[in-house]
$ cat final_19.txt   # compact mmCIF, C-alpha atoms
# COMPACT_ATOMS: atom_id res chain seq x y z
CA MET A 1 160.33 169.33 112.72
CA ARG A 2 163.48 168.61 110.69
CA HIS A 3 163.56 165.04 111.99
CA ARG A 4 159.89 164.29 111.46
CA ILE A 5 159.43 161.51 108.89
CA PHE A 6 155.66 161.00 108.92
CA TYR A 7 153.51 163.99 108.10
CA ASN A 8 150.35 164.80 106.16
CA PRO A 9 151.13 166.73 102.96
CA PHE A 10 147.45 167.59 102.39
CA THR A 11 145.08 169.95 104.12
CA PHE A 12 142.44 168.61 106.50
CA VAL A 13 139.64 169.23 104.00
CA PHE A 14 141.45 167.48 101.17
CA THR A 15 142.28 164.53 103.43
CA PHE A 16 138.63 164.29 104.44
CA VAL A 17 137.57 164.26 100.76
CA LEU A 18 140.06 161.49 100.00
CA LEU A 19 138.78 159.39 102.91
CA LEU A 20 135.21 159.98 101.78
CA LEU A 21 136.01 158.85 98.24
CA LEU A 22 137.88 155.82 99.57
CA SER A 23 134.92 154.86 101.75
CA LEU A 24 132.59 155.25 98.77
CA VAL A 25 134.74 153.04 96.54
CA VAL A 26 135.09 150.36 99.23
CA SER A 27 131.34 150.46 99.86
CA LEU A 28 130.56 150.05 96.15
CA LEU A 29 132.96 147.13 95.88
CA PHE A 30 131.47 145.59 99.01
CA PHE A 31 127.93 145.94 97.70
CA GLY A 32 129.02 144.49 94.37
CA LEU A 33 130.68 141.45 95.95
CA VAL A 34 127.76 140.74 98.24
CA SER A 35 125.29 141.12 95.41
CA SER A 36 127.36 138.68 93.34
CA ALA A 37 127.20 136.18 96.19
CA PHE A 38 123.41 136.39 96.45
CA ALA A 39 123.14 136.23 92.66
CA LYS A 40 125.02 132.91 92.74
CA LEU A 41 122.36 131.62 95.11
CA GLY A 42 119.71 132.28 92.50
CA PHE A 43 118.49 135.74 93.51
CA SER A 44 118.16 138.58 91.03
CA TRP A 45 120.41 141.62 91.42
CA ASP A 46 117.48 143.64 92.74
CA ASP A 47 116.73 140.95 95.32
CA ALA A 48 120.42 140.75 96.23
CA PHE A 49 120.67 144.48 96.93
CA LEU A 50 117.41 144.37 98.89
CA LEU A 51 118.66 141.48 101.03
CA LEU A 52 121.96 143.25 101.65
CA PHE A 53 120.18 146.44 102.63
CA LEU A 54 117.82 144.58 104.97
CA CYS A 55 120.72 142.69 106.59
CA LEU A 56 122.67 145.87 107.26
CA ILE A 57 119.64 147.76 108.59
CA GLY A 58 118.47 144.71 110.51
CA SER A 59 121.84 144.47 112.29
CA TYR A 60 120.67 147.41 114.42
CA ILE A 61 117.44 145.65 115.42
CA ASN A 62 117.34 143.10 118.25
CA ILE A 63 114.09 141.37 119.17
CA PRO A 64 113.98 140.38 122.88
CA LEU A 65 113.14 136.72 123.44
CA THR A 66 113.51 136.20 127.17
CA THR A 67 115.22 137.53 130.29
CA LEU A 68 117.50 135.36 132.41
CA GLU A 69 118.06 136.14 136.07
CA THR A 70 121.16 135.09 137.98
CA LYS A 71 121.86 135.59 141.68
CA VAL A 72 125.36 136.98 142.11
CA TYR A 73 126.89 136.73 145.57
CA ILE A 74 129.10 139.49 146.96
CA PRO A 75 131.40 138.66 149.88
CA GLU A 76 131.08 141.17 152.71
CA GLY A 77 132.50 141.36 156.16
CA ASP A 78 131.98 142.86 159.60
CA PHE A 79 133.66 142.71 162.98
CA VAL A 80 132.38 142.30 166.51
CA ARG A 81 134.38 142.89 169.68
CA VAL A 82 133.92 140.51 172.65
CA PHE A 83 136.01 140.81 175.81
CA GLY A 84 138.39 143.06 173.98
CA VAL A 85 138.94 140.60 171.15
CA LYS A 86 137.86 141.51 167.59
CA TYR A 87 136.20 138.68 165.66
CA HIS A 88 135.57 138.65 161.95
CA VAL A 89 131.99 137.74 161.10
CA PRO A 90 131.55 136.97 157.37
CA PHE A 91 128.39 137.95 155.56
CA LYS A 92 127.36 137.29 152.02
CA GLY A 93 125.27 139.78 150.13
CA SER A 94 123.73 139.22 146.71
CA PHE A 95 122.03 140.94 143.84
CA ILE A 96 120.05 139.77 140.83
CA ARG A 97 121.76 140.18 137.47
CA LYS A 98 119.40 140.25 134.51
CA THR A 99 120.47 139.29 131.00
CA THR A 100 118.12 139.87 128.08
CA VAL A 101 118.41 137.25 125.35
CA ALA A 102 117.48 138.70 121.96
CA ILE A 103 117.72 137.72 118.32
CA ASN A 104 119.27 140.05 115.75
CA VAL A 105 117.22 140.66 112.62
CA GLY A 106 120.14 141.16 110.22
CA GLY A 107 122.42 138.53 111.71
CA ALA A 108 119.93 135.77 112.48
CA VAL A 109 116.33 136.28 111.34
CA ILE A 110 117.09 137.16 107.71
CA PRO A 111 119.82 134.50 107.22
CA ILE A 112 117.48 131.87 108.70
CA LEU A 113 114.64 132.92 106.38
CA VAL A 114 116.96 132.91 103.36
CA SER A 115 118.25 129.45 104.32
CA VAL A 116 114.71 128.10 104.72
CA TYR A 117 113.76 129.57 101.34
CA LEU A 118 116.81 128.01 99.65
CA LEU A 119 116.06 124.59 101.13
CA TYR A 120 112.44 124.93 100.01
CA VAL A 121 113.53 125.70 96.45
CA TYR A 122 116.37 123.13 96.48
CA PRO A 123 115.17 120.27 98.72
CA GLY A 124 117.90 118.02 97.38
CA ALA A 125 120.47 120.13 99.26
CA ILE A 126 118.99 119.51 102.72
CA THR A 127 121.20 116.56 103.70
CA TYR A 128 124.36 118.20 102.35
CA SER A 129 123.52 121.45 104.13
CA LEU A 130 123.13 119.62 107.44
CA TYR A 131 126.66 118.25 107.04
CA GLY A 132 127.89 121.78 106.33
CA ILE A 133 126.10 123.16 109.40
CA LEU A 134 127.64 120.48 111.62
CA ALA A 135 131.16 121.13 110.29
CA VAL A 136 130.97 124.91 110.74
CA ALA A 137 129.23 124.64 114.12
CA ALA A 138 131.91 122.29 115.50
CA ILE A 139 134.82 124.54 114.50
CA THR A 140 133.03 127.74 115.48
CA LYS A 141 132.23 126.31 118.91
CA MET A 142 135.95 125.74 119.46
CA VAL A 143 137.08 129.24 118.43
CA ALA A 144 134.21 131.29 119.90
CA ARG A 145 135.13 133.13 123.07
CA PRO A 146 132.90 134.65 125.77
CA VAL A 147 133.77 138.28 126.45
CA LYS A 148 132.49 139.78 129.66
CA GLY A 149 130.07 142.61 129.12
CA VAL A 150 129.82 141.88 125.36
CA GLY A 151 128.74 138.30 124.71
CA ILE A 152 130.07 135.54 122.47
CA VAL A 153 132.71 136.77 120.02
CA THR A 154 133.76 134.80 116.95
CA PRO A 155 136.74 135.41 114.60
CA ALA A 156 135.09 136.84 111.50
CA LEU A 157 137.08 134.89 108.90
CA VAL A 158 137.01 131.41 110.45
CA PRO A 159 133.33 130.50 109.75
CA PRO A 160 133.39 131.48 106.03
CA LEU A 161 136.63 129.61 105.39
CA ILE A 162 135.32 126.48 107.10
CA ALA A 163 132.01 126.81 105.25
CA ALA A 164 133.75 127.07 101.90
CA LEU A 165 136.13 124.17 102.58
CA SER A 166 133.41 121.92 103.98
CA SER A 167 131.10 122.58 101.01
CA ILE A 168 133.91 121.72 98.59
CA LEU A 169 134.70 118.51 100.48
CA ILE A 170 131.05 117.48 100.69
CA ILE A 171 130.38 118.06 96.99
CA SER A 172 133.62 116.30 96.04
CA GLN A 173 131.98 113.14 97.37
CA PHE A 174 128.84 113.79 95.32
CA PRO A 175 130.01 115.46 92.07
CA SER A 176 126.64 114.93 90.39
CA ASP A 177 125.10 117.50 92.78
CA HIS A 178 127.72 120.19 92.19
CA GLU A 179 125.04 122.86 91.68
CA PHE A 180 124.29 122.69 95.41
CA ILE A 181 127.75 123.88 96.44
CA PHE A 182 126.69 127.53 96.85
CA ILE A 183 123.62 126.53 98.87
CA ILE A 184 125.74 124.37 101.19
CA ALA A 185 128.30 127.15 101.63
CA TYR A 186 125.72 129.78 102.53
CA ILE A 187 123.55 127.66 104.81
CA GLY A 188 126.50 125.96 106.47
CA GLY A 189 128.23 129.31 106.98
CA THR A 190 125.29 131.20 108.42
CA LEU A 191 123.37 128.59 110.40
CA GLY A 192 126.56 126.79 111.43
CA THR A 193 127.92 130.02 112.91
CA LEU A 194 124.68 130.74 114.75
CA VAL A 195 124.61 127.24 116.20
CA GLY A 196 128.30 127.01 117.09
CA ALA A 197 128.82 130.52 118.41
CA ASP A 198 125.50 131.41 120.03
CA LEU A 199 123.16 128.47 120.57
CA LEU A 200 125.80 126.09 121.93
CA ASN A 201 126.98 128.78 124.36
CA LEU A 202 123.58 129.87 125.69
CA SER A 203 124.05 127.86 128.87
CA GLY A 204 126.97 130.03 129.92
CA ILE A 205 125.82 133.50 128.92
CA THR A 206 124.70 134.39 132.45
CA LYS A 207 128.33 134.19 133.56
CA ILE A 208 129.43 136.80 131.02
CA GLY A 209 127.67 139.67 132.77
CA ALA A 210 126.39 141.27 129.57
CA PRO A 211 123.06 143.09 129.99
CA VAL A 212 121.98 141.99 126.50
CA VAL A 213 123.09 138.93 124.54
CA SER A 214 121.85 138.88 120.96
CA ILE A 215 121.82 135.76 118.80
CA GLY A 216 123.51 136.82 115.58
CA GLY A 217 124.20 140.25 117.04
CA ALA A 218 127.32 141.93 118.38
CA GLY A 219 130.29 139.57 118.30
CA THR A 220 128.79 137.12 115.79
CA PHE A 221 127.03 139.33 113.23
CA ASP A 222 130.23 139.84 111.25
CA GLY A 223 130.94 136.11 111.39
CA VAL A 224 127.44 135.15 110.26
CA PHE A 225 127.19 137.80 107.56
CA LEU A 226 130.69 137.23 106.16
CA ALA A 227 130.27 133.47 106.40
CA GLY A 228 127.34 133.54 104.03
CA VAL A 229 128.89 136.01 101.62
CA ILE A 230 132.57 135.02 101.52
CA ALA A 231 131.84 131.28 101.53
CA VAL A 232 129.71 131.65 98.41
CA LEU A 233 132.38 133.80 96.73
CA LEU A 234 135.16 131.34 97.57
CA VAL A 235 133.53 128.21 96.21

$ encode --input "final_19.txt" --output "structure tokens"
Amino acid sequence: MRHRIFYNPFTFVFTFVLLLLLSLVVSLLFFGLVSSAFAKLGFSWDDAFLLLFLCLIGSYINIPLTTLETKVYIPEGDFVRVFGVKYHVPFKGSFIRKTTVAINVGGAVIPILVSVYLLYVYPGAITYSLYGILAVAAITKMVARPVKGVGIVTPALVPPLIAALSSILIISQFPSDHEFIFIIAYIGGTLGTLVGADLLNLSGITKIGAPVVSIGGAGTFDGVFLAGVIAVLLV
């Protein structure tokens, strides 16, 4: 005990209270930042909090779209004995692996609806947003990694940084349309991540072995959600 350097000077209850307060403060700051991001997009504070709440709740909801079946072969073996000699006779068994492809409400459905709404309100940003989507999708495709049993996993901070940088570069070529920079950042960050991480990797999801693969769900939800929020805050 005399040589112990790291120790907790507080009781368990007091430590729990401190952690609870810390979590509360971080949550309030998080809600405030996200609300500020949505407010920059033209939503009221009430709408911003509602969208944030729906995204977080919707992250637990996955809507099944289809089920993919893949035949997986298992090497087996048996032996037969003829005239005292043992021969190996190979067999190949198989089973059907099913993978349910779903779409996440909080990580895909809501961001898509918000993006469609923004493009409806600001039609002049459509072309710029497509450039942003292509830029984010290309980089995200390169950094996304398939993880067996999980799905496609994307580094959470890469999509928002690329979305912010690409929106700044795009608008720098068209300074007269600077008001579209937040729209480009959000749409490029969210839809670009969905395209680059999930849609462009759908052809290989049966090899991952995950029972459920959700577009905008586990592995990419944080990337999609943070891409839309942080990108808007950075620009």

$ closest_residue --input "final_19.txt" --among "A:Lys148, A:Thr127, A:Thr220, A:Gln173" --to "Ile187 (chain A)" --atoms "only C-alpha atoms"
A:Thr127

$ atom_distance --input "final_19.txt" --atom1 "CA of Ile170 (chain A)" --atom2 "CA of Ala48 (chain A)"
26.0 Å

$ residues_around --input "final_19.txt" --residues "Ala231 (chain A)" --least-positions-apart "4" --cutoff "12 Å" --atoms "only C-alpha atoms" --output "ChimeraX atom specification"
/A:33-34,36-38,40-41,132,136,156-168,181-190,223-227,235

$ closest_residue --input "final_19.txt" --among "A:Tyr60, A:Trp45, A:Tyr128, A:Phe53" --to "Phe221 (chain A)" --atoms "only C-alpha atoms"
A:Tyr60

$ closest_residue --input "final_19.txt" --among "A:Leu68, A:Ile110, A:Ala197, A:Ile63" --to "Pro211 (chain A)" --atoms "all atoms listed in the file"
A:Leu68

$ build_atoms --input "final_19.txt" --residues "region 109-140 of chain A" --atoms "N, CA and C atoms" --output "CSV table (one decimal), in the frame of the given file"
chain,number,residue,atom,x,y,z
A,109,VAL,N,117.7,136.5,111.9
A,109,VAL,CA,116.3,136.3,111.3
A,109,VAL,C,116.4,136.2,109.8
A,110,ILE,N,117.0,137.2,109.2
A,110,ILE,CA,117.1,137.2,107.7
A,110,ILE,C,117.9,136.0,107.2
A,111,PRO,N,119.1,135.7,107.7
A,111,PRO,CA,119.8,134.5,107.2
A,111,PRO,C,119.0,133.2,107.4
A,112,ILE,N,118.3,133.1,108.5
A,112,ILE,CA,117.5,131.9,108.7
A,112,ILE,C,116.4,131.8,107.6
A,113,LEU,N,115.7,132.9,107.4
A,113,LEU,CA,114.6,132.9,106.4
A,113,LEU,C,115.2,132.6,105.0
A,114,VAL,N,116.3,133.2,104.7
A,114,VAL,CA,117.0,132.9,103.4
A,114,VAL,C,117.3,131.4,103.3
A,115,SER,N,117.9,130.9,104.3
A,115,SER,CA,118.2,129.4,104.3
A,115,SER,C,117.0,128.5,104.1
A,116,VAL,N,115.9,128.9,104.9
A,116,VAL,CA,114.7,128.1,104.7
A,116,VAL,C,114.2,128.2,103.3
A,117,TYR,N,114.2,129.4,102.7
A,117,TYR,CA,113.8,129.6,101.3
A,117,TYR,C,114.6,128.7,100.4
A,118,LEU,N,115.9,128.8,100.5
A,118,LEU,CA,116.8,128.0,99.6
A,118,LEU,C,116.5,126.5,99.8
A,119,LEU,N,116.3,126.0,101.0
A,119,LEU,CA,116.1,124.6,101.1
A,119,LEU,C,114.7,124.2,100.6
A,120,TYR,N,113.8,125.2,100.6
A,120,TYR,CA,112.4,124.9,100.0
A,120,TYR,C,112.5,124.8,98.5
A,121,VAL,N,113.4,125.7,97.9
A,121,VAL,CA,113.5,125.7,96.4
A,121,VAL,C,114.4,124.5,96.0
A,122,TYR,N,115.4,124.2,96.8
A,122,TYR,CA,116.4,123.1,96.5
A,122,TYR,C,116.3,122.0,97.6
A,123,PRO,N,115.3,121.3,97.6
A,123,PRO,CA,115.2,120.3,98.7
A,123,PRO,C,116.3,119.2,98.7
A,124,GLY,N,116.8,119.0,97.5
A,124,GLY,CA,117.9,118.0,97.4
A,124,GLY,C,119.2,118.4,98.1
A,125,ALA,N,119.3,119.7,98.6
A,125,ALA,CA,120.5,120.1,99.3
A,125,ALA,C,120.3,120.0,100.8
A,126,ILE,N,119.2,119.5,101.3
A,126,ILE,CA,119.0,119.5,102.7
A,126,ILE,C,120.0,118.7,103.5
A,127,THR,N,120.2,117.4,103.0
A,127,THR,CA,121.2,116.6,103.7
A,127,THR,C,122.6,117.1,103.7
A,128,TYR,N,123.0,117.6,102.5
A,128,TYR,CA,124.4,118.2,102.4
A,128,TYR,C,124.5,119.4,103.2
A,129,SER,N,123.5,120.2,103.3
A,129,SER,CA,123.5,121.4,104.1
A,129,SER,C,123.7,121.1,105.6
A,130,LEU,N,123.0,120.0,106.0
A,130,LEU,CA,123.1,119.6,107.4
A,130,LEU,C,124.6,119.3,107.8
A,131,TYR,N,125.2,118.6,106.8
A,131,TYR,CA,126.7,118.2,107.0
A,131,TYR,C,127.5,119.5,107.2
A,132,GLY,N,127.2,120.5,106.3
A,132,GLY,CA,127.9,121.8,106.3
A,132,GLY,C,127.7,122.5,107.6
A,133,ILE,N,126.4,122.5,108.1
A,133,ILE,CA,126.1,123.2,109.4
A,133,ILE,C,126.9,122.5,110.5
A,134,LEU,N,126.9,121.2,110.6
A,134,LEU,CA,127.6,120.5,111.6
A,134,LEU,C,129.1,120.8,111.6
A,135,ALA,N,129.7,120.9,110.4
A,135,ALA,CA,131.2,121.1,110.3
A,135,ALA,C,131.5,122.5,110.8
A,136,VAL,N,130.7,123.5,110.3
A,136,VAL,CA,131.0,124.9,110.7
A,136,VAL,C,130.7,125.1,112.2
A,137,ALA,N,129.6,124.5,112.7
A,137,ALA,CA,129.2,124.6,114.1
A,137,ALA,C,130.3,124.1,115.0
A,138,ALA,N,130.9,122.9,114.7
A,138,ALA,CA,131.9,122.3,115.5
A,138,ALA,C,133.2,123.2,115.6
A,139,ILE,N,133.6,123.7,114.5
A,139,ILE,CA,134.8,124.5,114.5
A,139,ILE,C,134.5,125.9,115.2
A,140,THR,N,133.4,126.4,114.9
A,140,THR,CA,133.0,127.7,115.5
A,140,THR,C,132.9,127.6,117.0
